[in-house]
>>> print(open('protein_35.cif').read())   # mmCIF, C-alpha atoms
data_input
loop_
_atom_site.label_atom_id
_atom_site.label_comp_id
_atom_site.auth_asym_id
_atom_site.auth_seq_id
_atom_site.Cartn_x
_atom_site.Cartn_y
_atom_site.Cartn_z
CA MET Z 1053 -35.39 32.60 231.32
CA GLY Z 1054 -36.68 35.29 229.01
CA ILE Z 1055 -33.32 37.09 228.98
CA ARG Z 1056 -31.50 33.84 228.33
CA GLY Z 1057 -33.84 33.03 225.48
CA GLU Z 1058 -33.36 36.49 224.00
CA LEU Z 1059 -29.58 36.22 224.28
CA ARG Z 1060 -29.69 32.78 222.69
CA GLY Z 1061 -31.78 34.21 219.87
CA TRP Z 1062 -29.25 36.98 219.27
CA TRP Z 1063 -26.43 34.42 219.36
CA ASP Z 1064 -28.16 32.16 216.83
CA ARG Z 1065 -28.88 35.09 214.53
CA GLY Z 1066 -25.27 36.19 214.81
CA ARG Z 1067 -24.02 32.73 213.91
CA ALA Z 1068 -26.37 32.56 210.95
CA LEU Z 1069 -25.14 35.97 209.74
CA ALA Z 1070 -21.52 34.89 210.16
CA ALA Z 1071 -22.13 31.70 208.21
CA ALA Z 1072 -23.78 33.65 205.40
CA HIS Z 1073 -21.10 36.36 205.25
CA PRO Z 1074 -17.69 34.88 206.19
CA LEU Z 1075 -15.79 37.78 204.60
CA LEU Z 1076 -17.46 40.21 207.01
CA VAL Z 1077 -16.36 38.00 209.90
CA ASP Z 1078 -12.77 38.01 208.65
CA ILE Z 1079 -12.81 41.79 208.27
CA GLY Z 1080 -14.15 42.05 211.81
CA VAL Z 1081 -11.41 39.76 213.11
CA ALA Z 1082 -8.77 41.85 211.32
CA LEU Z 1083 -10.19 45.07 212.82
CA LEU Z 1084 -10.23 43.52 216.28
CA VAL Z 1085 -6.60 42.41 215.95
CA GLN Z 1086 -5.67 45.83 214.60
CA GLY Z 1087 -7.31 47.45 217.61
CA ALA Z 1088 -5.29 45.27 219.98
CA MET Z 1089 -2.04 46.03 218.14
CA THR Z 1090 -2.81 49.75 218.20
CA MET Z 1091 -2.90 49.96 222.00
CA PRO Z 1092 0.94 50.09 222.49
CA PHE Z 1093 1.05 53.02 220.06
CA LEU Z 1094 -1.53 55.00 222.07
CA VAL Z 1095 -0.31 54.60 225.65
CA PRO Z 1096 2.39 57.03 226.84
CA ARG Z 1097 5.91 55.76 226.18
CA ALA Z 1098 8.47 55.68 229.01
CA PRO Z 1099 11.74 57.57 228.44
CA GLY Z 1100 14.30 55.50 226.60
CA LEU Z 1101 11.78 53.27 224.85
CA PRO Z 1102 11.50 53.22 221.04
CA PRO Z 1103 9.16 55.94 219.79
CA ALA Z 1104 5.75 55.11 218.33
CA THR Z 1105 6.16 56.40 214.78
CA TRP Z 1106 3.71 56.29 211.89
CA ALA Z 1107 6.16 54.17 209.92
CA ALA Z 1108 6.21 51.56 212.70
CA TYR Z 1109 2.43 51.66 212.94
CA GLY Z 1110 2.10 51.21 209.17
CA LEU Z 1111 4.38 48.18 209.15
CA SER Z 1112 2.50 46.64 212.08
CA THR Z 1113 -0.71 47.10 210.11
CA LEU Z 1114 0.79 45.10 207.24
CA THR Z 1115 0.89 42.07 209.51
CA VAL Z 1116 -2.88 42.41 210.11
CA VAL Z 1117 -4.34 43.21 206.70
CA PRO Z 1118 -3.72 39.70 205.26
CA LEU Z 1119 -6.11 38.28 207.87
CA VAL Z 1120 -8.98 39.35 205.63
CA TRP Z 1121 -8.04 36.43 203.33
CA ARG Z 1122 -7.26 33.91 206.08
CA ARG Z 1123 -9.98 31.42 204.99
CA ARG Z 1124 -9.20 31.49 201.30
CA ALA Z 1125 -5.39 31.31 201.47
CA PRO Z 1126 -4.25 30.59 205.04
CA LEU Z 1127 -0.69 29.58 204.11
CA ALA Z 1128 -0.22 32.69 201.96
CA VAL Z 1129 -1.50 34.80 204.84
CA LEU Z 1130 0.97 33.09 207.20
CA PHE Z 1131 3.93 33.87 204.91
CA ALA Z 1132 2.73 37.46 204.37
CA MET Z 1133 2.40 37.97 208.11
CA LEU Z 1134 5.87 36.53 208.79
CA GLY Z 1135 7.39 38.67 206.05
CA ALA Z 1136 5.76 41.86 207.39
CA GLY Z 1137 6.82 40.99 210.94
CA LEU Z 1138 10.40 40.38 209.86
CA LEU Z 1139 10.44 43.68 207.99
CA TYR Z 1140 9.12 45.43 211.12
CA ARG Z 1141 11.93 44.01 213.27
CA LEU Z 1142 14.71 44.73 210.80
CA THR Z 1143 13.76 48.26 209.65
CA VAL Z 1144 12.11 50.03 212.59
CA ASP Z 1145 12.51 49.96 216.33
CA GLY Z 1146 8.88 50.51 217.30
CA PRO Z 1147 6.73 49.37 220.23
CA GLY Z 1148 6.52 45.66 220.83
CA GLN Z 1149 3.35 43.65 221.35
CA PRO Z 1150 2.37 41.60 224.42
CA LEU Z 1151 1.00 38.83 222.17
CA PRO Z 1152 1.56 37.80 218.53
CA TYR Z 1153 -2.12 38.38 217.75
CA ALA Z 1154 -2.03 37.95 213.98
CA GLY Z 1155 0.15 34.86 214.19
CA LEU Z 1156 -2.17 33.21 216.70
CA VAL Z 1157 -5.23 33.89 214.51
CA VAL Z 1158 -3.52 32.41 211.45
CA THR Z 1159 -2.34 29.37 213.41
CA TYR Z 1160 -5.86 28.76 214.69
CA THR Z 1161 -7.29 29.17 211.17
CA ILE Z 1162 -4.85 26.70 209.62
CA ALA Z 1163 -5.49 24.15 212.38
CA ALA Z 1164 -9.26 24.50 212.05
CA MET Z 1165 -9.69 24.74 208.27
CA ALA Z 1166 -6.61 23.52 206.39
CA GLY Z 1167 -5.89 19.99 205.26
CA PRO Z 1168 -3.19 17.73 206.74
CA THR Z 1169 -0.51 18.71 204.21
CA ARG Z 1170 -0.98 22.42 204.78
CA ARG Z 1171 -1.07 21.93 208.53
CA LEU Z 1172 2.22 20.03 208.40
CA LEU Z 1173 3.86 22.71 206.24
CA ALA Z 1174 2.59 25.48 208.52
CA GLY Z 1175 3.90 23.60 211.56
CA LEU Z 1176 7.37 23.29 210.04
CA VAL Z 1177 7.38 27.00 209.20
CA LEU Z 1178 6.34 27.98 212.74
CA VAL Z 1179 8.92 25.68 214.32
CA VAL Z 1180 11.53 27.81 212.60
CA ALA Z 1181 9.79 31.21 212.71
CA VAL Z 1182 8.96 31.29 216.43
CA PRO Z 1183 12.53 30.81 217.71
CA VAL Z 1184 13.83 33.27 215.07
CA GLY Z 1185 11.28 35.87 216.19
CA VAL Z 1186 12.27 35.42 219.83
CA TRP Z 1187 15.94 35.72 218.93
CA LEU Z 1188 15.29 38.99 217.06
CA ASN Z 1189 13.23 40.34 219.99
CA THR Z 1190 14.53 39.50 223.49
CA ARG Z 1191 16.54 36.30 223.06
CA SER Z 1192 15.12 35.09 226.37
CA ALA Z 1193 14.13 31.50 227.23
CA ARG Z 1194 11.09 32.87 229.02
CA GLU Z 1195 9.69 34.46 225.87
CA LEU Z 1196 10.52 31.35 223.85
CA THR Z 1197 8.64 29.13 226.30
CA PHE Z 1198 5.68 31.49 226.36
CA SER Z 1199 5.57 31.76 222.54
CA ILE Z 1200 5.67 28.00 222.09
CA PHE Z 1201 2.85 27.63 224.62
CA VAL Z 1202 0.50 30.19 223.05
CA PHE Z 1203 1.07 28.95 219.49
CA ALA Z 1204 0.53 25.35 220.58
CA ALA Z 1205 -2.66 26.41 222.40
CA ALA Z 1206 -3.92 28.19 219.27
CA TYR Z 1207 -3.23 25.09 217.20
CA VAL Z 1208 -4.95 22.76 219.67
CA PHE Z 1209 -7.94 25.07 219.90
CA GLY Z 1210 -8.19 25.06 216.10
CA ARG Z 1211 -8.09 21.26 215.96
CA LEU Z 1212 -10.79 21.04 218.65
CA THR Z 1213 -12.94 23.44 216.63
CA ASP Z 1214 -12.50 21.27 213.53
CA ALA Z 1215 -13.42 18.14 215.51
CA ARG Z 1216 -16.54 19.82 216.89
CA GLN Z 1217 -17.61 20.97 213.44
CA ARG Z 1218 -17.08 17.48 212.05
CA ALA Z 1219 -19.16 16.02 214.86
CA HIS Z 1220 -21.92 18.53 214.15
CA ARG Z 1221 -21.87 17.64 210.45
CA VAL Z 1222 -22.05 13.92 211.23
CA GLU Z 1223 -24.90 14.54 213.65
CA ALA Z 1224 -26.75 16.63 211.07
CA GLU Z 1225 -26.25 13.95 208.39
CA GLN Z 1226 -27.52 11.26 210.76
CA ALA Z 1227 -30.53 13.38 211.66
CA ALA Z 1228 -31.23 13.95 207.97
CA ALA Z 1229 -30.93 10.21 207.31
CA ARG Z 1230 -33.35 9.44 210.13
CA GLU Z 1231 -35.79 12.00 208.79
CA ARG Z 1232 -35.52 10.57 205.27
CA ALA Z 1233 -36.18 7.10 206.65
CA ARG Z 1234 -39.19 8.38 208.61
CA ILE Z 1235 -40.64 10.11 205.54
CA ALA Z 1236 -39.98 7.01 203.45
CA ARG Z 1237 -41.96 4.93 205.95
CA GLU Z 1238 -44.79 7.44 205.88
CA MET Z 1239 -44.88 7.49 202.08
CA HIS Z 1240 -44.76 3.71 201.92
CA ASP Z 1241 -47.62 3.32 204.38
CA ILE Z 1242 -49.79 5.94 202.69
CA LEU Z 1243 -49.29 4.68 199.14
CA SER Z 1244 -49.31 0.98 199.96
CA HIS Z 1245 -52.56 1.23 201.90
CA ALA Z 1246 -54.38 3.41 199.38
CA VAL Z 1247 -53.23 1.49 196.30
CA SER Z 1248 -54.06 -1.87 197.89
CA LEU Z 1249 -57.61 -0.76 198.65
CA MET Z 1250 -58.01 0.70 195.19
CA ILE Z 1251 -56.78 -2.51 193.52
CA VAL Z 1252 -59.15 -4.67 195.55
CA GLN Z 1253 -62.10 -2.43 194.73
CA ALA Z 1254 -61.14 -2.15 191.05
CA GLU Z 1255 -60.86 -5.94 190.72
CA ALA Z 1256 -64.26 -6.40 192.35
CA GLY Z 1257 -65.85 -3.65 190.24
CA PRO Z 1258 -66.43 -5.56 186.98
CA VAL Z 1259 -68.02 -8.46 188.86
CA ALA Z 1260 -70.22 -6.10 190.82
CA VAL Z 1261 -71.31 -4.28 187.66
CA ARG Z 1262 -72.73 -7.53 186.27
CA ALA Z 1263 -74.12 -8.99 189.51
CA ALA Z 1264 -75.00 -6.02 191.73
CA PRO Z 1265 -74.72 -2.53 190.17
CA GLU Z 1266 -75.32 -0.84 193.54
CA ARG Z 1267 -72.20 -2.56 194.90
CA ALA Z 1268 -70.22 -1.37 191.90
CA GLU Z 1269 -71.14 2.22 192.70
CA ALA Z 1270 -70.01 1.69 196.29
CA ALA Z 1271 -66.74 0.23 195.02
CA PHE Z 1272 -66.08 3.25 192.83
CA ASP Z 1273 -66.89 5.55 195.76
CA ALA Z 1274 -64.40 3.62 197.91
CA ILE Z 1275 -61.71 3.97 195.23
CA SER Z 1276 -62.35 7.70 195.03
CA GLN Z 1277 -62.25 8.09 198.82
CA ALA Z 1278 -59.02 6.10 199.12
CA GLY Z 1279 -57.41 8.22 196.41
CA ARG Z 1280 -58.52 11.50 198.01
CA ASP Z 1281 -57.29 10.41 201.44
CA ALA Z 1282 -53.92 9.40 199.97
CA MET Z 1283 -53.63 12.74 198.17
CA VAL Z 1284 -54.32 14.69 201.36
CA GLN Z 1285 -51.69 12.77 203.30
CA LEU Z 1286 -49.17 12.95 200.46
CA ARG Z 1287 -49.61 16.70 200.17
CA HIS Z 1288 -48.96 16.95 203.88
CA MET Z 1289 -45.75 14.92 203.55
CA LEU Z 1290 -44.62 16.98 200.57
CA GLY Z 1291 -45.23 20.08 202.64
CA VAL Z 1292 -42.82 18.66 205.22
CA LEU Z 1293 -40.25 18.00 202.48
CA ARG Z 1294 -40.61 21.61 201.33
CA ASP Z 1295 -39.76 22.67 204.88
CA GLY Z 1296 -43.25 23.86 205.60
CA ALA Z 1297 -43.68 25.96 202.46
CA ASP Z 1298 -47.21 26.17 201.04
CA ASP Z 1299 -48.11 25.50 197.45
CA GLY Z 1300 -48.20 28.48 195.14
CA ASP Z 1301 -51.96 28.80 195.68
CA GLY Z 1302 -51.50 28.66 199.44
CA THR Z 1303 -53.90 25.71 199.78
CA ALA Z 1304 -51.47 23.04 201.02
CA PRO Z 1305 -53.04 21.38 204.07
CA ARG Z 1306 -51.52 21.99 207.46
CA GLU Z 1307 -53.58 19.54 209.55
CA PRO Z 1308 -51.65 17.15 211.82
CA GLN Z 1309 -50.92 13.58 210.82
CA PRO Z 1310 -53.66 11.05 211.56
CA GLY Z 1311 -53.73 9.57 215.07
CA LEU Z 1312 -56.07 7.50 217.23
CA ALA Z 1313 -59.03 9.71 216.36
CA ALA Z 1314 -58.62 8.82 212.68
CA LEU Z 1315 -58.69 5.04 213.27
CA PRO Z 1316 -62.50 4.66 212.80
CA GLY Z 1317 -62.30 6.32 209.38
CA LEU Z 1318 -59.39 4.06 208.41
CA LEU Z 1319 -61.34 0.97 209.45
CA ASP Z 1320 -64.41 2.13 207.54
CA ARG Z 1321 -62.39 2.45 204.34
CA VAL Z 1322 -61.05 -1.07 204.81
CA ARG Z 1323 -64.59 -2.35 205.42
CA GLY Z 1324 -65.48 -0.86 202.05
CA SER Z 1325 -63.22 -3.46 200.43
CA GLY Z 1326 -65.50 -6.21 201.73
CA LEU Z 1327 -63.38 -7.17 204.74
CA ASP Z 1328 -65.17 -7.53 208.07
CA VAL Z 1329 -63.24 -5.37 210.54
CA VAL Z 1330 -63.83 -5.72 214.29
CA TYR Z 1331 -62.50 -2.94 216.51
CA ARG Z 1332 -62.03 -3.35 220.26
CA THR Z 1333 -60.47 -1.21 222.95
CA ALA Z 1334 -59.71 -1.91 226.59
CA GLY Z 1335 -58.41 0.33 229.32
CA ASP Z 1336 -57.93 4.08 229.11
CA THR Z 1337 -56.42 4.56 225.65
CA GLY Z 1338 -56.57 8.31 225.51
CA PRO Z 1339 -55.36 10.90 225.33
CA VAL Z 1340 -51.87 9.86 224.25
CA ALA Z 1341 -48.93 11.81 222.88
CA ASP Z 1342 -49.26 12.87 219.24
CA GLY Z 1343 -46.27 10.76 218.24
CA VAL Z 1344 -47.80 7.65 219.79
CA GLY Z 1345 -51.12 8.27 218.06
CA VAL Z 1346 -49.43 8.60 214.67
CA THR Z 1347 -47.42 5.43 215.27
CA VAL Z 1348 -50.50 3.44 216.28
CA HIS Z 1349 -52.40 4.68 213.23
CA ARG Z 1350 -49.57 3.77 210.84
CA VAL Z 1351 -49.07 0.34 212.47
CA VAL Z 1352 -52.76 -0.50 212.08
CA GLN Z 1353 -52.78 0.92 208.56
CA GLU Z 1354 -49.81 -1.19 207.45
CA ALA Z 1355 -51.13 -4.34 209.14
CA LEU Z 1356 -54.51 -3.93 207.43
CA THR Z 1357 -52.80 -3.27 204.11
CA ASN Z 1358 -50.98 -6.60 204.46
CA VAL Z 1359 -54.28 -8.32 205.26
CA VAL Z 1360 -55.94 -6.86 202.17
CA ARG Z 1361 -53.01 -7.70 199.89
CA HIS Z 1362 -51.87 -11.09 201.14
CA ALA Z 1363 -54.13 -12.78 203.66
CA GLY Z 1364 -57.29 -13.67 201.73
CA ALA Z 1365 -59.08 -13.14 205.04
CA GLN Z 1366 -62.76 -12.69 205.78
CA THR Z 1367 -62.41 -11.05 209.18
CA VAL Z 1368 -59.71 -9.00 210.90
CA THR Z 1369 -59.73 -7.86 214.52
CA VAL Z 1370 -58.00 -4.68 215.69
CA GLU Z 1371 -57.45 -4.34 219.44
CA LEU Z 1372 -56.07 -1.43 221.44
CA ILE Z 1373 -55.35 -2.35 225.04
CA CYS Z 1374 -53.88 0.02 227.60
CA ARG Z 1375 -52.19 -1.80 230.46
CA GLY Z 1376 -51.00 0.86 232.88
CA SER Z 1377 -47.96 2.44 231.28
CA GLU Z 1378 -48.04 0.25 228.16
CA LEU Z 1379 -50.18 0.42 225.04
CA GLU Z 1380 -50.63 -2.81 223.10
CA VAL Z 1381 -51.88 -2.87 219.51
CA THR Z 1382 -52.95 -6.19 217.99
CA VAL Z 1383 -54.17 -6.92 214.46
CA ILE Z 1384 -55.31 -10.53 213.87
CA ASP Z 1385 -56.88 -11.96 210.71
CA ASP Z 1386 -58.34 -15.34 209.79
CA GLY Z 1387 -56.55 -15.64 206.48
CA ARG Z 1388 -53.89 -17.94 205.08
CA GLY Z 1389 -51.57 -17.50 208.04
CA ALA Z 1390 -48.28 -19.37 207.67
CA GLN Z 1391 -48.70 -19.54 203.89
CA ALA Z 1392 -48.61 -15.75 203.71
CA VAL Z 1393 -45.78 -15.17 206.20
CA SER Z 1394 -43.06 -15.10 203.54
CA ARG Z 1395 -45.07 -12.64 201.46
CA ARG Z 1396 -45.31 -10.25 204.40
CA GLY Z 1397 -41.59 -9.86 205.04
CA GLY Z 1398 -41.09 -6.66 203.05
CA HIS Z 1399 -40.71 -3.05 204.08
CA GLY Z 1400 -44.09 -2.97 205.81
CA LEU Z 1401 -43.24 -5.23 208.75
CA VAL Z 1402 -39.77 -3.70 208.97
CA GLY Z 1403 -41.39 -0.26 209.19
CA ILE Z 1404 -43.72 -1.48 211.95
CA ARG Z 1405 -40.76 -2.72 213.99
CA GLU Z 1406 -38.87 0.53 213.42
CA ARG Z 1407 -41.84 2.61 214.54
CA ALA Z 1408 -42.21 0.57 217.71
CA ALA Z 1409 -38.47 0.71 218.44
CA ALA Z 1410 -38.48 4.49 218.04
CA HIS Z 1411 -40.70 4.67 221.13
CA GLY Z 1412 -38.77 2.09 223.11
CA GLY Z 1413 -41.25 -0.68 222.27
CA ASP Z 1414 -41.23 -3.89 220.27
CA ALA Z 1415 -43.23 -5.62 217.56
CA VAL Z 1416 -43.78 -9.28 216.72
CA ALA Z 1417 -45.52 -10.75 213.70
CA GLY Z 1418 -46.36 -14.29 212.69
CA PRO Z 1419 -49.08 -16.95 212.54
CA GLY Z 1420 -51.93 -16.68 215.03
CA ALA Z 1421 -51.87 -18.46 218.37
CA ASP Z 1422 -53.76 -21.51 217.01
CA GLY Z 1423 -51.70 -21.64 213.83
CA HIS Z 1424 -54.44 -20.03 211.78
CA GLY Z 1425 -54.43 -16.52 210.41
CA PHE Z 1426 -51.75 -13.91 210.98
CA GLU Z 1427 -51.05 -11.67 213.96
CA VAL Z 1428 -49.19 -8.40 214.40
CA ARG Z 1429 -48.63 -7.32 217.99
CA VAL Z 1430 -46.95 -4.03 218.99
CA ARG Z 1431 -46.17 -2.85 222.51
CA ILE Z 1432 -45.33 0.79 223.23
CA PRO Z 1433 -44.34 1.99 226.74
CA LEU Z 1434 -46.30 5.21 227.15
CA SER Z 1435 -43.91 6.80 229.67
CA ALA Z 1436 -40.97 6.53 227.24
CA ALA Z 1437 -43.07 7.24 224.17
CA ALA Z 1438 -44.19 10.56 225.55
CA GLU Z 1439 -40.59 11.77 225.36
CA VAL Z 1440 -39.95 10.60 221.79
CA GLY Z 1441 -41.10 12.47 218.69
CA THR Z 1442 -42.08 10.76 215.51
#
>>> encode(input="protein_35.cif", output="structure tokens")
Amino acid sequence: MGIRGELRGWWDRGRALAAAHPLLVDIGVALLVQGAMTMPFLVPRAPGLPPATWAAYGLSTLTVVPLVWRRRAPLAVLFAMLGAGLLYRLTVDGPGQPLPYAGLVVTYTIAAMAGPTRRLLAGLVLVVAVPVGVWLNTRSARELTFSIFVFAAAYVFGRLTDARQRAHRVEAEQAAARERARIAREMHDILSHAVSLMIVQAEAGPVAVRAAPERAEAAFDAISQAGRDAMVQLRHMLGVLRDGADDGDGTAPREPQPGLAALPGLLDRVRGSGLDVVYRTAGDTGPVADGVGVTVHRVVQEALTNVVRHAGAQTVTVELICRGSELEVTVIDDGRGAQAVSRRGGHGLVGIRERAAAHGGDAVAGPGADGHGFEVRVRIPLSAAAEVGT
């Protein structure tokens, strides 16, 4: 396993280097092809065969040198290669080659990187050039069949490479879109919760200043705490957006996202807004996977934010119940219920459903069982959730 990991590391580093320096790759390909075409000039020649002269070797090299520019001008490279090959056949009688190496590389490159028009033009050129080359060489049906096969194989291999690269790009774009959506949900939950608490406290502040100054001080402390907590979490999310890079002063936080352990602190901050929060647990609710803990925390956070903003409730109950392989999260308030349902249909409830679905679970939201208040209920299968990251 260690050797395989090391080899995979070398392979990944090699691919990264090739992607960063494509010209070096093309030079390497040209040198490799040149090495293959040099072999017939080095092996001893049988009596009666054409001699391996420097002039023949120089002309054969002319068919290889254009490969250095195969990515930038593949059609021009194809014509240069065909012209050099034709000149080789008409002017010298040197050693032949077992395979048309340069032609196969150019055909693969055009199939993998060129657009439809250039591919069509290259195909028409090869349909004429391959039979002409066979006629100038051996004029045998066997060579013609073999040449058609290898050029067709190079073209198909190039098209398969292009299809694979397109699939990888689509997959990367989809992954980036999913990550953007995840970060958008996180940002929405963080800001919506913090701002809602701050608005409630700020609106109650002037009344408290006149009626109960000590409550006003507590309200300002709650606003400050909500703001600091939001800043910490936002800095963490911005660190993710910067691909893990620290701030210039190196003080960007690197703590994990809040999970089940952070729920009591979240509930205390909501209690500071004057809402009576009851917290209950049943069953063995811990430990759970980090992704599940983050999801539960965000679900409760968003549900409480909706209660603070829309419900006009006096009491809200948060329940975490573990039933075997399923974790159920319930947030129930005693507020306006059905009257507030339409006001709760924004991104928050959508985000709750998306978070639950990401772990193979489901979420329902609506009026309480007796028609009073509002209820958010989320079920997450722990066995499936353990395999899914946030």
>>> atom_distance(input="protein_35.cif", atom1="CA of Leu1130 in chain Z", atom2="CA of Ala1181 in chain Z")
10.6 Å
>>> atom_distance(input="protein_35.cif", atom1="CA of Gly1110 in chain Z", atom2="CA of Ala1098 in chain Z")
21.3 Å
>>> resolve_selection(input="protein_35.cif", expression="the PyMOL selection byres ((chain Z and resi 1428) around 6)", output="ChimeraX atom specification")
/Z:1382-1383,1416-1417,1427,1429
>>> write_last_selection(input="protein_35.cif", atoms="C-alpha atoms", output="mmCIF file, keeping the file's coordinate frame")
data_model
loop_
_atom_site.group_PDB
_atom_site.id
_atom_site.type_symbol
_atom_site.label_atom_id
_atom_site.label_comp_id
_atom_site.auth_asym_id
_atom_site.auth_seq_id
_atom_site.Cartn_x
_atom_site.Cartn_y
_atom_site.Cartn_z
ATOM 1 C CA THR Z 1382 -52.950 -6.190 217.990
ATOM 2 C CA VAL Z 1383 -54.170 -6.920 214.460
ATOM 3 C CA VAL Z 1416 -43.780 -9.280 216.720
ATOM 4 C CA ALA Z 1417 -45.520 -10.750 213.700
ATOM 5 C CA GLU Z 1427 -51.050 -11.670 213.960
ATOM 6 C CA ARG Z 1429 -48.630 -7.320 217.990
#
>>> residues_around(input="protein_35.cif", residues="Pro1183 in chain Z", least_positions_apart="2", cutoff="12 Å", atoms="all atoms listed in the file", output="PyMOL selection string")
chain Z and resi 1176-1181+1185-1200+1203
>>> resolve_selection(input="protein_35.cif", expression="the PyMOL selection byres ((chain Z and resi 1334-1351) around 10)", output="PyMOL selection string")
chain Z and resi 1237-1238+1241-1242+1245+1308-1315+1318+1332-1333+1352-1357+1371-1376+1378-1383+1400-1401+1403-1405+1407-1408+1410-1411+1415+1428-1435+1437-1442
>>> resolve_selection(input="protein_35.cif", expression="the PyMOL selection byres ((chain Z and resi 1206) around 8)", output="ChimeraX atom specification")
/Z:1156-1157,1159-1160,1202-1205,1207-1210
>>> closest_residue(input="protein_35.cif", among="Z:Arg1216, Z:His1424, Z:Arg1321, Z:Arg1123", to="Ser1248 in chain Z", atoms="all atoms listed in the file")
Z:Arg1321
>>> atom_distance(input="protein_35.cif", atom1="CA of Arg1171 in chain Z", atom2="CA of Arg1211 in chain Z")
10.2 Å
>>> closest_residue(input="protein_35.cif", among="Z:Ala1164, Z:Gly1412, Z:Ala1233, Z:Ala1136", to="Arg1218 in chain Z", atoms="only C-alpha atoms")
Z:Ala1164
>>> closest_residue(input="protein_35.cif", among="Z:Trp1106, Z:Gly1148, Z:Tyr1331, Z:Ala1154", to="Thr1369 in chain Z", atoms="only C-alpha atoms")
Z:Tyr1331
>>> axis_aligned_box(input="protein_35.cif", around="range 1219-1222 of chain Z", padding_each_side="5 Å", output="JSON")
{"center_x": -20.6, "center_y": 16.2, "center_z": 212.7, "size_x": 12.9, "size_y": 14.6, "size_z": 14.4}
>>> build_atoms(input="protein_35.cif", residues="range 1195-1209 of chain Z", atoms="N, CA and C atoms", output="compact mmCIF listing (two decimals), in the coordinates of the input")
# COMPACT_ATOMS: atom_id res chain seq x y z
N GLU Z 1195 10.55 34.10 227.01
CA GLU Z 1195 9.69 34.46 225.87
C GLU Z 1195 9.53 33.28 224.92
N LEU Z 1196 10.61 32.50 224.73
CA LEU Z 1196 10.52 31.35 223.85
C LEU Z 1196 9.51 30.33 224.38
N THR Z 1197 9.58 30.07 225.69
CA THR Z 1197 8.64 29.13 226.30
C THR Z 1197 7.21 29.63 226.17
N PHE Z 1198 7.03 30.92 226.44
CA PHE Z 1198 5.68 31.49 226.36
C PHE Z 1198 5.16 31.44 224.92
N SER Z 1199 5.99 31.76 223.94
CA SER Z 1199 5.57 31.76 222.54
C SER Z 1199 5.19 30.36 222.08
N ILE Z 1200 6.00 29.37 222.46
CA ILE Z 1200 5.67 28.00 222.09
C ILE Z 1200 4.33 27.59 222.68
N PHE Z 1201 4.09 28.00 223.94
CA PHE Z 1201 2.85 27.63 224.62
C PHE Z 1201 1.63 28.24 223.92
N VAL Z 1202 1.68 29.54 223.61
CA VAL Z 1202 0.50 30.19 223.05
C VAL Z 1202 0.23 29.72 221.62
N PHE Z 1203 1.30 29.46 220.85
CA PHE Z 1203 1.07 28.95 219.49
C PHE Z 1203 0.54 27.52 219.52
N ALA Z 1204 1.05 26.71 220.44
CA ALA Z 1204 0.53 25.35 220.58
C ALA Z 1204 -0.93 25.38 221.03
N ALA Z 1205 -1.27 26.30 221.95
CA ALA Z 1205 -2.66 26.41 222.40
C ALA Z 1205 -3.58 26.83 221.26
N ALA Z 1206 -3.12 27.77 220.42
CA ALA Z 1206 -3.92 28.19 219.27
C ALA Z 1206 -4.13 27.03 218.31
N TYR Z 1207 -3.10 26.23 218.10
CA TYR Z 1207 -3.23 25.09 217.20
C TYR Z 1207 -4.20 24.05 217.76
N VAL Z 1208 -4.07 23.74 219.05
CA VAL Z 1208 -4.95 22.76 219.67
C VAL Z 1208 -6.40 23.24 219.64
N PHE Z 1209 -6.60 24.51 219.93
CA PHE Z 1209 -7.94 25.07 219.90
C PHE Z 1209 -8.54 24.97 218.49
